[in-house]
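One structure below.
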Amino acid sequence: MAVRPEALAGRRNPAGLPRFLNLFAIRFPIGAIASIGHRLSGACLVLAMLWLPDTLARSLRSQGDYDALLAAWRSPWMAPLEFLILWAFCYHVLAGLRHLLMDVGVGARLPAARASARLVLGLGFAIALVLLVARRWP
Amino acid sequence: MRQFTGQRAWLVQRLSALLLLCATAALGIYLLIEGPPGYPAWLAFARHPAGSTLILAVTAALCLHGWVGARDVVLDYLHRPAWRLCVLALVATALGLVFLRVLVVLAATLAHAP
């Protein structure tokens, strides 16, 4: 990771290693952004899971509850939240697939890994956008 | 909780990921071809033994996968043992409750079947 000198400002611990890294002065390579995105999207999805049992219960209770659930998700006010969840889901799945492929040795070398990191970051956003628009198309 | 740490956690994470990946692909293909199911079809799916088993398996995979991921993140960013214990206990309880509630919902759906 490329660290500019000002990132190391602050006290050093006895081992001489920098402490209090200034995150805004560190240039993150694309692989690091992909990795942090994977974690961040995973955290969002764990949070979203808290609504899973209630949503399942309401979807199975009656025709009226099922319709109300779908209608609630169609409301324009839900669009930002829907996009966030779709984005987190799409990106997490793609980045996870990238990891699984690397586990079996596909694209594990640096140039390929950098290219695939770019690819999943772009593709995750694009697919989420397409899904949001497609679902809300009249 | 020992079963869900170290190398076994790694394996649980990969196996649950594969199951979730297959479920996502299957759901995606279904939605592309058929569109969203109506209420009767969805209820029939949840009442079918294979359907409810699949929902339960996916929920279990989600909870296990979420646990391993959340644990990795907590251990990397929280260093005080007391904080770690509190947050990990909170995550484990929340995910356990999610699984139990899904189990209860599915049981209720099966119990009310005609």
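To be explicit about the labels: the chains of the structure tokens are called A, B, and onward in the order shown, and within each one the residues are counted from 1, while ligands get numbers from 1 in the order they are shown.
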**OP:** Write out as JSON, numbers by chain every residue belonging to chain B that has an atom at most 10 Å from any atom of chain A, counting only C-alpha atoms.
**Re:** {"B": [14, 17, 18, 20, 21, 24, 35, 36, 38, 39, 40, 42, 43, 44, 46, 47, 55, 59, 62, 63, 65, 66, 67, 69, 70, 72, 73, 91, 94, 95, 97, 98, 99, 100, 101, 102, 103, 104, 105, 106, 108, 109]}
Original post:
So, counting only C-alpha atoms, which residue among A:Ala128, A:Leu101, A:Ala72, A:Leu110 is closest to Ile85 of chain A?
Top reply: A:Ala128
Original post:
chain A: which residues are alpha helix (DSSP H) by DSSP, as a PyMOL selection string?
Top reply: chain A and resi 30-49+52-61+63-74+79-103+110-136
Subject >> Val133 of chain A surroundings by only C-alpha atoms, 12 Å radius, close-in-sequence under 3 positions cut, as a PyMOL selection string >> reply: chain A and resi 74+76+79-80+82-83+86+126-130+136-138
